[in-house]
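Source file: model_15.pdb. Holds: PDB, C-alpha atoms.
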ATOM      1  CA  MET C   1     261.990 -38.317 141.471
ATOM      2  CA  ALA C   2     262.463 -35.292 143.683
ATOM      3  CA  GLY C   3     265.066 -37.208 145.572
ATOM      4  CA  HIS C   4     267.064 -37.821 142.417
ATOM      5  CA  PHE C   5     267.401 -34.150 141.632
ATOM      6  CA  LYS C   6     268.532 -33.213 145.083
ATOM      7  CA  LYS C   7     271.214 -35.795 145.076
ATOM      8  CA  LYS C   8     272.593 -34.759 141.693
ATOM      9  CA  GLN C   9     272.902 -31.093 142.624
ATOM     10  CA  ALA C  10     274.702 -31.828 145.790
ATOM     11  CA  GLY C  11     277.114 -34.174 144.051
ATOM     12  CA  SER C  12     278.305 -32.293 140.970
ATOM     13  CA  LYS C  13     280.380 -29.133 141.254
ATOM     14  CA  GLN C  14     278.859 -25.972 139.784
ATOM     15  CA  GLU C  15     281.703 -24.056 138.181
ATOM     16  CA  ILE C  16     281.637 -20.987 136.019
ATOM     17  CA  PRO C  17     283.748 -21.621 132.942
ATOM     18  CA  THR C  18     286.703 -19.274 132.877
ATOM     19  CA  SER C  19     288.084 -20.150 129.484
ATOM     20  CA  ALA C  20     286.304 -17.213 127.862
ATOM     21  CA  MET C  21     287.589 -14.752 130.416
ATOM     22  CA  PRO C  22     290.519 -13.563 128.271
ATOM     23  CA  ASP C  23     288.118 -12.700 125.490
ATOM     24  CA  VAL C  24     285.955 -10.658 127.773
ATOM     25  CA  VAL C  25     288.940  -8.888 129.191
ATOM     26  CA  PHE C  26     290.338  -8.117 125.768
ATOM     27  CA  MET C  27     286.977  -6.848 124.678
ATOM     28  CA  LEU C  28     286.822  -4.444 127.578
ATOM     29  CA  LEU C  29     290.393  -3.422 126.951
ATOM     30  CA  PHE C  30     289.726  -2.605 123.322
ATOM     31  CA  PHE C  31     286.554  -0.781 124.227
ATOM     32  CA  PHE C  32     288.285   1.488 126.662
ATOM     33  CA  MET C  33     291.250   1.965 124.366
ATOM     34  CA  VAL C  34     288.962   3.235 121.685
ATOM     35  CA  THR C  35     286.784   5.493 123.770
ATOM     36  CA  THR C  36     289.254   6.993 126.181
ATOM     37  CA  VAL C  37     290.614  10.383 125.262
ATOM     38  CA  LEU C  38     294.096  10.750 126.608
ATOM     39  CA  ARG C  39     295.132  13.840 128.486
ATOM     40  CA  GLU C  40     291.900  15.745 128.661
ATOM     41  CA  VAL C  41     292.551  19.189 130.063
ATOM     42  CA  THR C  42     290.638  20.439 133.035
ATOM     43  CA  LEU C  43     288.680  23.428 131.911
ATOM     44  CA  LYS C  44     289.069  26.517 134.005
ATOM     45  CA  VAL C  45     286.639  28.496 131.913
ATOM     46  CA  LYS C  46     282.983  27.852 131.198
ATOM     47  CA  LEU C  47     282.535  26.600 127.677
ATOM     48  CA  ASP C  48     279.260  26.499 125.850
ATOM     49  CA  LEU C  49     279.937  26.071 122.156
ATOM     50  CA  THR C  50     277.744  27.634 119.528
ATOM     51  CA  GLN C  51     276.281  25.858 116.522
ATOM     52  CA  ALA C  52     276.937  26.221 112.809
ATOM     53  CA  THR C  53     275.953  24.409 109.637
ATOM     54  CA  HIS C  54     278.877  24.787 107.245
ATOM     55  CA  ILE C  55     281.538  23.119 109.281
ATOM     56  CA  GLU C  56     284.368  20.751 108.580
ATOM     57  CA  LYS C  57     285.986  17.970 110.553
ATOM     58  CA  ILE C  58     289.543  18.145 111.744
ATOM     59  CA  GLU C  59     290.881  14.788 110.669
ATOM     60  CA  GLU C  60     294.431  15.165 111.920
ATOM     61  CA  LYS C  61     293.925  15.565 115.618
ATOM     62  CA  ARG C  62     297.601  15.568 116.473
ATOM     63  CA  LEU C  63     298.068  18.854 114.626
ATOM     64  CA  VAL C  64     295.529  20.574 116.809
ATOM     65  CA  SER C  65     296.290  22.880 119.670
ATOM     66  CA  TYR C  66     293.438  24.315 121.672
ATOM     67  CA  ILE C  67     292.757  27.780 123.007
ATOM     68  CA  TYR C  68     289.771  28.077 125.312
ATOM     69  CA  MET C  69     287.949  31.323 125.913
ATOM     70  CA  GLY C  70     285.068  31.997 128.244
ATOM     71  CA  PRO C  71     284.048  33.278 131.654
ATOM     72  CA  GLU C  72     286.395  32.025 134.352
ATOM     73  CA  ARG C  73     285.061  29.459 136.791
ATOM     74  CA  LEU C  74     285.390  30.749 140.315
ATOM     75  CA  PRO C  75     284.947  28.717 143.504
ATOM     76  CA  GLY C  76     281.348  28.515 144.616
ATOM     77  CA  ASN C  77     279.856  27.998 141.162
ATOM     78  CA  GLU C  78     280.359  31.586 140.187
ATOM     79  CA  LEU C  79     281.593  32.947 136.921
ATOM     80  CA  GLY C  80     284.156  35.675 136.550
ATOM     81  CA  GLU C  81     285.369  37.692 133.622
ATOM     82  CA  ASP C  82     286.188  36.258 130.219
ATOM     83  CA  LYS C  83     289.606  34.630 130.266
ATOM     84  CA  VAL C  84     291.883  32.744 127.891
ATOM     85  CA  GLN C  85     293.090  29.266 128.749
ATOM     86  CA  ILE C  86     295.918  27.505 126.964
ATOM     87  CA  ASP C  87     296.752  23.941 127.987
ATOM     88  CA  ASP C  88     296.116  23.771 131.723
ATOM     89  CA  ALA C  89     296.590  27.356 132.752
ATOM     90  CA  ILE C  90     294.789  30.632 132.372
ATOM     91  CA  VAL C  91     296.813  33.216 130.489
ATOM     92  CA  ASP C  92     296.239  36.634 132.002
ATOM     93  CA  ASP C  93     298.725  38.457 129.823
ATOM     94  CA  ILE C  94     297.343  38.343 126.285
ATOM     95  CA  GLY C  95     300.762  39.393 124.955
ATOM     96  CA  ALA C  96     302.247  36.117 126.185
ATOM     97  CA  ILE C  97     300.133  34.101 123.745
ATOM     98  CA  ARG C  98     302.453  35.128 120.934
ATOM     99  CA  ASN C  99     305.438  33.275 122.383
ATOM    100  CA  LEU C 100     303.398  30.318 123.597
ATOM    101  CA  MET C 101     301.922  29.697 120.181
ATOM    102  CA  TYR C 102     305.209  30.349 118.395
ATOM    103  CA  ASP C 103     306.847  27.603 120.454
ATOM    104  CA  LYS C 104     304.051  25.246 119.508
ATOM    105  CA  LEU C 105     304.434  26.189 115.862
ATOM    106  CA  LEU C 106     308.134  25.305 115.964
ATOM    107  CA  GLU C 107     307.256  21.870 117.299
ATOM    108  CA  GLU C 108     304.552  21.313 114.714
ATOM    109  CA  PRO C 109     304.821  23.457 111.574
ATOM    110  CA  ARG C 110     301.390  22.360 110.321
ATOM    111  CA  LEU C 111     299.698  23.460 113.513
ATOM    112  CA  ILE C 112     295.969  24.114 113.533
ATOM    113  CA  VAL C 113     294.731  26.283 116.365
ATOM    114  CA  SER C 114     291.265  25.309 117.469
ATOM    115  CA  LEU C 115     289.511  28.185 119.169
ATOM    116  CA  ARG C 116     286.918  26.919 121.588
ATOM    117  CA  VAL C 117     285.005  29.997 122.579
ATOM    118  CA  ASP C 118     281.946  30.348 124.770
ATOM    119  CA  GLN C 119     279.001  31.540 122.745
ATOM    120  CA  ASN C 120     278.342  34.564 124.917
ATOM    121  CA  SER C 121     281.879  35.864 125.174
ATOM    122  CA  GLN C 122     282.581  39.166 123.485
ATOM    123  CA  PHE C 123     284.308  39.583 120.165
ATOM    124  CA  GLU C 124     286.940  41.931 121.556
ATOM    125  CA  LEU C 125     288.833  39.175 123.367
ATOM    126  CA  LEU C 126     288.785  36.904 120.329
ATOM    127  CA  SER C 127     290.023  39.765 118.193
ATOM    128  CA  ASP C 128     292.938  40.382 120.552
ATOM    129  CA  VAL C 129     293.850  36.689 120.586
ATOM    130  CA  GLN C 130     293.682  36.528 116.802
ATOM    131  CA  LYS C 131     296.071  39.454 116.528
ATOM    132  CA  GLU C 132     298.484  37.519 118.731
ATOM    133  CA  LEU C 133     298.097  34.452 116.557
ATOM    134  CA  GLN C 134     298.905  36.533 113.495
ATOM    135  CA  GLN C 135     302.073  37.730 115.181
ATOM    136  CA  ALA C 136     303.000  34.177 116.136
ATOM    137  CA  GLY C 137     302.496  33.010 112.571
ATOM    138  CA  THR C 138     299.861  30.412 113.400
ATOM    139  CA  PHE C 139     297.481  31.260 110.605
ATOM    140  CA  ARG C 140     295.461  28.077 110.379
ATOM    141  CA  ILE C 141     292.622  28.360 112.831
ATOM    142  CA  ASN C 142     289.349  26.621 113.426
ATOM    143  CA  TYR C 143     286.358  28.036 115.239
ATOM    144  CA  SER C 144     285.095  25.040 117.128
ATOM    145  CA  THR C 145     281.341  24.680 116.820
ATOM    146  CA  LYS C 146     278.760  21.984 117.197
ATOM    147  CA  ARG C 147     276.757  20.763 114.253
ATOM    148  CA  GLU C 148     273.430  22.498 113.997
ATOM    149  CA  GLU C 149     270.567  20.071 114.518
TER     150      GLU C 149
ATOM    151  CA  MET W   1     272.398 -45.967 134.011
ATOM    152  CA  LEU W   2     271.574 -42.430 132.916
ATOM    153  CA  LEU W   3     272.350 -40.942 136.312
ATOM    154  CA  LYS W   4     275.730 -42.594 136.453
ATOM    155  CA  LYS W   5     276.856 -41.238 133.098
ATOM    156  CA  LYS W   6     275.966 -37.612 133.996
ATOM    157  CA  LYS W   7     277.863 -37.754 137.194
ATOM    158  CA  ARG W   8     281.051 -38.669 135.412
ATOM    159  CA  GLU W   9     280.946 -35.824 132.876
ATOM    160  CA  GLY W  10     279.978 -33.089 135.322
ATOM    161  CA  ALA W  11     277.540 -30.253 134.590
ATOM    162  CA  GLU W  12     279.250 -27.681 132.382
ATOM    163  CA  ILE W  13     278.029 -24.789 130.330
ATOM    164  CA  ASN W  14     279.380 -24.937 126.830
ATOM    165  CA  GLY W  15     281.928 -22.154 126.767
ATOM    166  CA  SER W  16     283.302 -22.450 123.289
ATOM    167  CA  SER W  17     280.964 -19.857 121.842
ATOM    168  CA  MET W  18     281.937 -17.302 124.479
ATOM    169  CA  ALA W  19     284.710 -15.973 122.309
ATOM    170  CA  ASP W  20     282.292 -15.433 119.459
ATOM    171  CA  ILE W  21     279.947 -13.500 121.702
ATOM    172  CA  ALA W  22     282.840 -11.437 122.969
ATOM    173  CA  PHE W  23     283.973 -10.551 119.491
ATOM    174  CA  LEU W  24     280.434  -9.749 118.467
ATOM    175  CA  LEU W  25     280.130  -7.320 121.349
ATOM    176  CA  LEU W  26     283.516  -5.850 120.574
ATOM    177  CA  ILE W  27     282.530  -5.208 116.976
ATOM    178  CA  PHE W  28     279.203  -3.785 118.096
ATOM    179  CA  PHE W  29     280.890  -1.258 120.346
ATOM    180  CA  LEU W  30     283.523  -0.431 117.779
ATOM    181  CA  VAL W  31     280.836   0.387 115.270
ATOM    182  CA  THR W  32     278.497   2.296 117.535
ATOM    183  CA  THR W  33     280.938   4.323 119.618
ATOM    184  CA  THR W  34     281.539   7.724 118.146
ATOM    185  CA  ILE W  35     284.935   9.057 119.003
ATOM    186  CA  ASN W  36     284.109  12.709 119.356
ATOM    187  CA  VAL W  37     285.397  14.475 116.309
ATOM    188  CA  ASP W  38     286.348  18.102 116.361
ATOM    189  CA  THR W  39     284.156  20.095 114.080
ATOM    190  CA  GLY W  40     284.295  23.753 113.332
ATOM    191  CA  ILE W  41     284.680  26.510 110.800
ATOM    192  CA  GLY W  42     288.150  26.454 109.304
ATOM    193  CA  MET W  43     289.834  29.744 108.523
ATOM    194  CA  VAL W  44     293.238  31.008 107.512
ATOM    195  CA  LEU W  45     294.290  34.251 109.138
ATOM    196  CA  PRO W  46     296.060  36.863 107.028
ATOM    197  CA  PRO W  47     299.659  37.664 107.916
ATOM    198  CA  PRO W  48     300.100  40.684 110.198
ATOM    199  CA  LEU W  49     300.124  44.063 108.500
ATOM    200  CA  ASP W  50     303.464  45.716 108.044
ATOM    201  CA  GLU W  51     303.303  49.231 109.451
ATOM    202  CA  GLU W  52     305.669  50.677 106.876
ATOM    203  CA  VAL W  53     304.211  49.104 103.787
ATOM    204  CA  ASP W  54     300.856  50.393 102.624
ATOM    205  CA  PRO W  55     298.263  47.696 102.024
ATOM    206  CA  PRO W  56     297.582  47.038  98.341
ATOM    207  CA  PRO W  57     294.786  49.199  96.982
ATOM    208  CA  ILE W  58     291.418  47.494  96.786
ATOM    209  CA  ARG W  59     288.780  48.639  94.394
ATOM    210  CA  GLU W  60     285.667  49.599  96.235
ATOM    211  CA  ARG W  61     283.405  47.412  94.111
ATOM    212  CA  ASN W  62     285.439  44.310  94.957
ATOM    213  CA  GLN W  63     284.879  44.610  98.647
ATOM    214  CA  MET W  64     281.694  43.726 100.463
ATOM    215  CA  ASN W  65     281.588  45.396 103.851
ATOM    216  CA  ILE W  66     279.498  43.571 106.364
ATOM    217  CA  LEU W  67     278.932  45.262 109.674
ATOM    218  CA  VAL W  68     277.382  43.404 112.578
ATOM    219  CA  ASN W  69     276.501  45.129 115.810
ATOM    220  CA  ALA W  70     276.067  43.638 119.249
ATOM    221  CA  GLN W  71     272.327  43.194 118.736
ATOM    222  CA  GLY W  72     272.893  41.113 115.618
ATOM    223  CA  LEU W  73     271.750  43.763 113.142
ATOM    224  CA  ILE W  74     273.538  43.602 109.829
ATOM    225  CA  LEU W  75     274.640  46.240 107.337
ATOM    226  CA  MET W  76     275.895  45.051 103.958
ATOM    227  CA  ASP W  77     277.483  47.941 102.050
ATOM    228  CA  GLU W  78     275.363  50.337 104.100
ATOM    229  CA  GLN W  79     272.164  48.406 103.358
ATOM    230  CA  PRO W  80     270.299  46.956 106.353
ATOM    231  CA  THR W  81     269.931  43.234 105.684
ATOM    232  CA  ALA W  82     268.188  40.366 107.430
ATOM    233  CA  ILE W  83     270.410  37.364 108.206
ATOM    234  CA  THR W  84     268.263  35.172 105.943
ATOM    235  CA  GLU W  85     269.107  37.375 102.943
ATOM    236  CA  VAL W  86     272.839  37.541 103.569
ATOM    237  CA  ARG W  87     273.714  34.376 101.702
ATOM    238  CA  GLU W  88     271.852  35.278  98.524
ATOM    239  CA  LYS W  89     273.276  38.788  98.509
ATOM    240  CA  LEU W  90     276.787  37.460  99.007
ATOM    241  CA  LYS W  91     276.423  34.935  96.214
ATOM    242  CA  GLU W  92     275.238  37.677  93.898
ATOM    243  CA  PHE W  93     278.127  39.883  94.946
ATOM    244  CA  ILE W  94     280.801  37.225  94.446
ATOM    245  CA  ASP W  95     279.504  35.674  91.256
ATOM    246  CA  ASN W  96     278.075  38.853  89.714
ATOM    247  CA  PRO W  97     276.147  37.029  86.962
ATOM    248  CA  ASN W  98     274.747  40.210  85.401
ATOM    249  CA  ASN W  99     278.068  42.095  85.409
ATOM    250  CA  ASP W 100     276.723  44.763  87.701
ATOM    251  CA  GLU W 101     278.982  47.791  88.000
ATOM    252  CA  THR W 102     278.717  47.882  91.775
ATOM    253  CA  LEU W 103     279.505  44.203  92.448
ATOM    254  CA  ALA W 104     282.781  42.291  92.301
ATOM    255  CA  VAL W 105     284.718  42.247  89.014
ATOM    256  CA  SER W 106     285.338  38.512  89.302
ATOM    257  CA  PRO W 107     284.960  35.884  92.030
ATOM    258  CA  GLU W 108     288.753  35.813  92.448
ATOM    259  CA  ALA W 109     288.818  39.518  93.233
ATOM    260  CA  ALA W 110     285.917  39.498  95.649
ATOM    261  CA  ILE W 111     286.742  40.253  99.260
ATOM    262  CA  VAL W 112     284.295  39.844 102.085
ATOM    263  CA  SER W 113     285.103  42.109 104.980
ATOM    264  CA  LEU W 114     283.397  41.179 108.205
ATOM    265  CA  LYS W 115     283.433  43.856 110.869
ATOM    266  CA  THR W 116     281.832  43.498 114.235
ATOM    267  CA  GLN W 117     281.537  45.673 117.277
ATOM    268  CA  LYS W 118     283.692  44.766 120.215
ATOM    269  CA  GLU W 119     280.709  43.829 122.362
ATOM    270  CA  THR W 120     279.245  41.461 119.797
ATOM    271  CA  PRO W 121     278.684  38.010 121.306
ATOM    272  CA  TYR W 122     280.684  35.237 119.701
ATOM    273  CA  ARG W 123     277.472  33.437 118.773
ATOM    274  CA  ILE W 124     276.331  36.235 116.468
ATOM    275  CA  TYR W 125     279.757  36.479 114.883
ATOM    276  CA  ILE W 126     279.791  32.743 114.150
ATOM    277  CA  ASP W 127     276.259  32.861 112.737
ATOM    278  CA  MET W 128     277.456  35.548 110.371
ATOM    279  CA  LEU W 129     280.604  33.689 109.402
ATOM    280  CA  ASP W 130     278.515  30.585 108.857
ATOM    281  CA  GLU W 131     276.441  32.447 106.270
ATOM    282  CA  VAL W 132     279.584  33.607 104.465
ATOM    283  CA  MET W 133     280.912  30.040 104.437
ATOM    284  CA  GLY W 134     277.503  28.860 103.224
ATOM    285  CA  ALA W 135     277.595  31.284 100.293
ATOM    286  CA  TYR W 136     281.048  30.074  99.266
ATOM    287  CA  LYS W 137     280.055  26.444  99.664
ATOM    288  CA  GLU W 138     277.027  26.854  97.414
ATOM    289  CA  LEU W 139     279.071  28.643  94.766
ATOM    290  CA  ARG W 140     281.795  26.007  94.856
ATOM    291  CA  ASP W 141     279.242  23.208  94.749
ATOM    292  CA  ALA W 142     277.557  24.799  91.740
ATOM    293  CA  ALA W 143     280.861  25.211  89.901
ATOM    294  CA  SER W 144     281.938  21.695  90.785
ATOM    295  CA  ARG W 145     278.652  20.219  89.633
ATOM    296  CA  ALA W 146     278.775  22.128  86.353
ATOM    297  CA  ASN W 147     282.334  21.036  85.596
ATOM    298  CA  TYR W 148     282.656  17.586  87.119
ATOM    299  CA  GLY W 149     279.111  16.520  87.967
ATOM    300  CA  VAL W 150     279.805  16.016  91.662
ATOM    301  CA  GLU W 151     279.660  18.271  94.684
ATOM    302  CA  PHE W 152     282.784  20.030  95.864
ATOM    303  CA  ASP W 153     283.068  17.940  99.010
ATOM    304  CA  ARG W 154     283.174  14.756  96.982
ATOM    305  CA  LEU W 155     286.163  15.770  94.900
ATOM    306  CA  GLN W 156     289.364  13.984  95.877
ATOM    307  CA  PRO W 157     291.435  15.911  98.417
ATOM    308  CA  GLU W 158     294.425  17.673  96.858
ATOM    309  CA  SER W 159     293.252  16.813  93.356
ATOM    310  CA  ALA W 160     293.645  19.197  90.418
ATOM    311  CA  GLN W 161     289.884  19.531  90.130
ATOM    312  CA  ARG W 162     289.527  20.558  93.729
ATOM    313  CA  GLU W 163     292.257  23.140  93.448
ATOM    314  CA  GLN W 164     290.744  24.553  90.294
ATOM    315  CA  ILE W 165     287.419  25.131  92.036
ATOM    316  CA  GLN W 166     289.223  26.610  95.024
ATOM    317  CA  ASP W 167     291.054  29.016  92.742
ATOM    318  CA  MET W 168     287.791  29.966  91.061
ATOM    319  CA  TYR W 169     286.230  30.901  94.373
ATOM    320  CA  PRO W 170     288.992  31.708  96.845
ATOM    321  CA  LYS W 171     287.732  32.524 100.298
ATOM    322  CA  LYS W 172     288.990  36.025 100.883
ATOM    323  CA  ILE W 173     287.502  36.952 104.191
ATOM    324  CA  SER W 174     288.823  39.735 106.343
ATOM    325  CA  ILE W 175     287.857  39.933 109.978
ATOM    326  CA  ALA W 176     288.158  43.025 112.082
ATOM    327  CA  ALA W 177     286.824  44.570 115.225
ATOM    328  CA  GLU W 178     285.365  47.979 114.709
ATOM    329  CA  GLU W 179     287.365  50.685 116.397
ATOM    330  CA  GLY W 180     285.665  52.717 119.086
TER     331      GLY W 180
END
As structure tokens, how would this structure be written, given the file I've shared?
Amino acid sequence: MAGHFKKKQAGSKQEIPTSAMPDVVFMLLFFFMVTTVLREVTLKVKLDLTQATHIEKIEEKRLVSYIYMGPERLPGNELGEDKVQIDDAIVDDIGAIRNLMYDKLLEEPRLIVSLRVDQNSQFELLSDVQKELQQAGTFRINYSTKREE
Amino acid sequence: MLLKKKKREGAEINGSSMADIAFLLLIFFLVTTTINVDTGIGMVLPPPLDEEVDPPPIRERNQMNILVNAQGLILMDEQPTAITEVREKLKEFIDNPNNDETLAVSPEAAIVSLKTQKETPYRIYIDMLDEVMGAYKELRDAASRANYGVEFDRLQPESAQREQIQDMYPKKISIAAEEG
């Protein structure tokens, strides 16, 4: 009996069926397509969002433009002063925000500016940025917060 | 006899159900993965003030001045208030059910002015704004339920009903940093 088994295993080829491989590959493809966020910016400021209860979702993500505010990340895990980041660069001159946002508004007239502000940053900076936004004409804003648990 | 037959067919795992398993997994991931949605407090900023044109006069009783300092202490029309009381006080101010002389003439006229010190942390400011939004949400929900029997959020977007409720309780919120 034992001899029979041995002989059979040696004789028949053990192959992994590959016919289902396309399905698996497509599945992975779809999975990554769904979960990947394209063009994530590298944050140059520390961002720790605050929480709120009465919040709304932004459904139309393509209308959104982000402004990040928080303490600047310095080399060696240190934090500097509060800075403003738009797209991939830190904007040192607050007065330049006006033109930057105005250009974005021309591209997308229904622009929503999402302000992602660190919870410990001071109101003064936000106030200055908001004044710039008023000058630029980008009135629709959204204070990005997490949902309160 | 038996041995001979097996040798001819070869040992294969039935692969026809693989596609089903794959689709099942795909659907599972599609359902369970949350694409992170942006959430936040929506606001509309007022247009910039024209230096030459004087701002329209506002009757004192229509404006609720909220002052928040850097420690998170709140003054509402010069009255020290705990953050837990803010919402109720605001609702009373906006709705004015007893036609109080010192509160807003009508919900449409009510203006909430939120002033904070420059050093106030963003967290405290958002907590405060959250309470203001909460007061408006409760008022809108109440009006929506009284008129249409559903909550404000469940009204169709851009419907006449929704706009009517919005016009009843417009969010007139002014934000400013305190000078000095």
As a VMD selection string, please: the residues near stretch 116-123 of chain C (cut-off 7 Å, only C-alpha atoms, same-chain neighbours under 4 positions excluded). (chain C and resid 46 to 50 67 to 70 82 127 143 to 144) or (chain W and resid 118 to 123)
Result set, the ChimeraX specification (/W :<7) & /C on current file, as a VMD selection string: chain C and resid 12 14 17 20 23 to 24 27 31 35 50 52 to 58 119 to 124 127 134 to 135 139 to 146
To one decimal place in Å, what is the distance between atom CA of W:Glu78 and atom CA of W:Glu92?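 One can read the atom CA of W:Glu78 to atom CA of W:Glu92 distance as 16.3 Å.
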Where does the PyMOL selection byres ((chain C and resi 72) around 12) land in this file, that is, which residues does it pick, as a tab-separated table (two decimals) with C-alpha atoms, keeping the file's coordinate frame?
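Result file selection-v2.tsv:
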chain	number	residue	atom	x	y	z
C	43	LEU	CA	288.68	23.43	131.91
C	44	LYS	CA	289.07	26.52	134.00
C	45	VAL	CA	286.64	28.50	131.91
C	46	LYS	CA	282.98	27.85	131.20
C	47	LEU	CA	282.54	26.60	127.68
C	68	TYR	CA	289.77	28.08	125.31
C	69	MET	CA	287.95	31.32	125.91
C	70	GLY	CA	285.07	32.00	128.24
C	71	PRO	CA	284.05	33.28	131.65
C	73	ARG	CA	285.06	29.46	136.79
C	74	LEU	CA	285.39	30.75	140.32
C	75	PRO	CA	284.95	28.72	143.50
C	76	GLY	CA	281.35	28.52	144.62
C	77	ASN	CA	279.86	28.00	141.16
C	78	GLU	CA	280.36	31.59	140.19
C	79	LEU	CA	281.59	32.95	136.92
C	80	GLY	CA	284.16	35.67	136.55
C	81	GLU	CA	285.37	37.69	133.62
C	82	ASP	CA	286.19	36.26	130.22
C	83	LYS	CA	289.61	34.63	130.27
C	84	VAL	CA	291.88	32.74	127.89
C	85	GLN	CA	293.09	29.27	128.75
C	89	ALA	CA	296.59	27.36	132.75
C	90	ILE	CA	294.79	30.63	132.37
C	91	VAL	CA	296.81	33.22	130.49
C	92	ASP	CA	296.24	36.63	132.00
C	118	ASP	CA	281.95	30.35	124.77
C	121	SER	CA	281.88	35.86	125.17
Please report the interatomic distance between atom CA of W:Ala110 and atom CA of W:Asn62 in Å with one decimal.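 Atom-to-atom, atom CA of W:Ala110 to atom CA of W:Asn62, that is 4.9 Å.
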Kindly give the distance, in Å, that separates atom CA of W:Met168 and atom CA of W:Pro57, rounded to a single decimal.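 Atom CA of W:Pro57 lies at a distance of 21.3 Å from atom CA of W:Met168.
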For the file shown, report as a list of chain:residue names the outcome of the PyMOL selection byres ((chain C and resi 63) around 7) at residue level. C:Glu60, C:Lys61, C:Arg62, C:Val64, C:Ser65, C:Glu108, C:Arg110, C:Leu111, C:Ile112
Non-local contacts of W:Leu67 (6 Å; only C-alpha atoms; under 3 positions in same chain excluded) as a PyMOL selection string: chain W and resi 74-75+115-116
Could you write out that same residue set with C-alpha atoms as a tab-separated table (two decimals), in the coordinates of the input?
chain	number	residue	atom	x	y	z
W	74	ILE	CA	273.54	43.60	109.83
W	75	LEU	CA	274.64	46.24	107.34
W	115	LYS	CA	283.43	43.86	110.87
W	116	THR	CA	281.83	43.50	114.24
Can you tell me, as lines of an AutoDock Vina configuration file, the centre and edge lengths (Å, one decimal) of the axis-aligned box enclosing all of stretch 89-105 of chain W's listed atoms after padding each side by 5 Å?
center_x = 279.0
center_y = 41.4
center_z = 92.2
size_x = 21.4
size_y = 22.9
size_z = 23.6
Using all atoms listed in the file, determine which residues lie at most 12 Å from W:Arg154, disregarding the query and same-chain residues fewer than 6 positions distant; provide the list as number ranges by chain. W: 140-141, 144-145, 148, 161-162
So, counting all atoms listed in the file, which residue among W:Leu139, W:Ala160, W:Gly72, W:Asn147 is closest to W:Glu88?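 Residue with the minimum atom-to-atom distance to W:Glu88: W:Leu139.
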Output as a PDB file, in the frame of the given file: stretch 139-150 of chain W, completed with N, CA and C atoms.
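The file below, selection-v2.pdb, is the result:
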ATOM      1  N   LEU W 139     278.443  28.259  96.033  1.00  0.00           N
ATOM      2  CA  LEU W 139     279.071  28.643  94.766  1.00  0.00           C
ATOM      3  C   LEU W 139     280.041  27.570  94.288  1.00  0.00           C
ATOM      4  N   ARG W 140     280.831  27.044  95.225  1.00  0.00           N
ATOM      5  CA  ARG W 140     281.795  26.007  94.856  1.00  0.00           C
ATOM      6  C   ARG W 140     281.092  24.738  94.413  1.00  0.00           C
ATOM      7  N   ASP W 141     280.018  24.394  95.127  1.00  0.00           N
ATOM      8  CA  ASP W 141     279.242  23.208  94.749  1.00  0.00           C
ATOM      9  C   ASP W 141     278.682  23.363  93.338  1.00  0.00           C
ATOM     10  N   ALA W 142     278.160  24.561  93.056  1.00  0.00           N
ATOM     11  CA  ALA W 142     277.557  24.799  91.740  1.00  0.00           C
ATOM     12  C   ALA W 142     278.619  24.677  90.640  1.00  0.00           C
ATOM     13  N   ALA W 143     279.788  25.274  90.891  1.00  0.00           N
ATOM     14  CA  ALA W 143     280.861  25.211  89.901  1.00  0.00           C
ATOM     15  C   ALA W 143     281.350  23.783  89.722  1.00  0.00           C
ATOM     16  N   SER W 144     281.463  23.072  90.828  1.00  0.00           N
ATOM     17  CA  SER W 144     281.938  21.695  90.785  1.00  0.00           C
ATOM     18  C   SER W 144     280.956  20.799  90.047  1.00  0.00           C
ATOM     19  N   ARG W 145     279.664  21.034  90.300  1.00  0.00           N
ATOM     20  CA  ARG W 145     278.652  20.219  89.633  1.00  0.00           C
ATOM     21  C   ARG W 145     278.618  20.509  88.137  1.00  0.00           C
ATOM     22  N   ALA W 146     278.804  21.766  87.771  1.00  0.00           N
ATOM     23  CA  ALA W 146     278.775  22.128  86.353  1.00  0.00           C
ATOM     24  C   ALA W 146     279.969  21.534  85.610  1.00  0.00           C
ATOM     25  N   ASN W 147     281.127  21.504  86.282  1.00  0.00           N
ATOM     26  CA  ASN W 147     282.334  21.036  85.596  1.00  0.00           C
ATOM     27  C   ASN W 147     282.558  19.539  85.709  1.00  0.00           C
ATOM     28  N   TYR W 148     282.291  18.984  86.888  1.00  0.00           N
ATOM     29  CA  TYR W 148     282.656  17.586  87.119  1.00  0.00           C
ATOM     30  C   TYR W 148     281.474  16.711  87.508  1.00  0.00           C
ATOM     31  N   GLY W 149     280.311  17.306  87.682  1.00  0.00           N
ATOM     32  CA  GLY W 149     279.111  16.520  87.967  1.00  0.00           C
ATOM     33  C   GLY W 149     278.994  16.014  89.391  1.00  0.00           C
ATOM     34  N   VAL W 150     279.926  16.399  90.246  1.00  0.00           N
ATOM     35  CA  VAL W 150     279.805  16.016  91.662  1.00  0.00           C
ATOM     36  C   VAL W 150     279.948  17.257  92.531  1.00  0.00           C
TER      37      VAL W 150
END
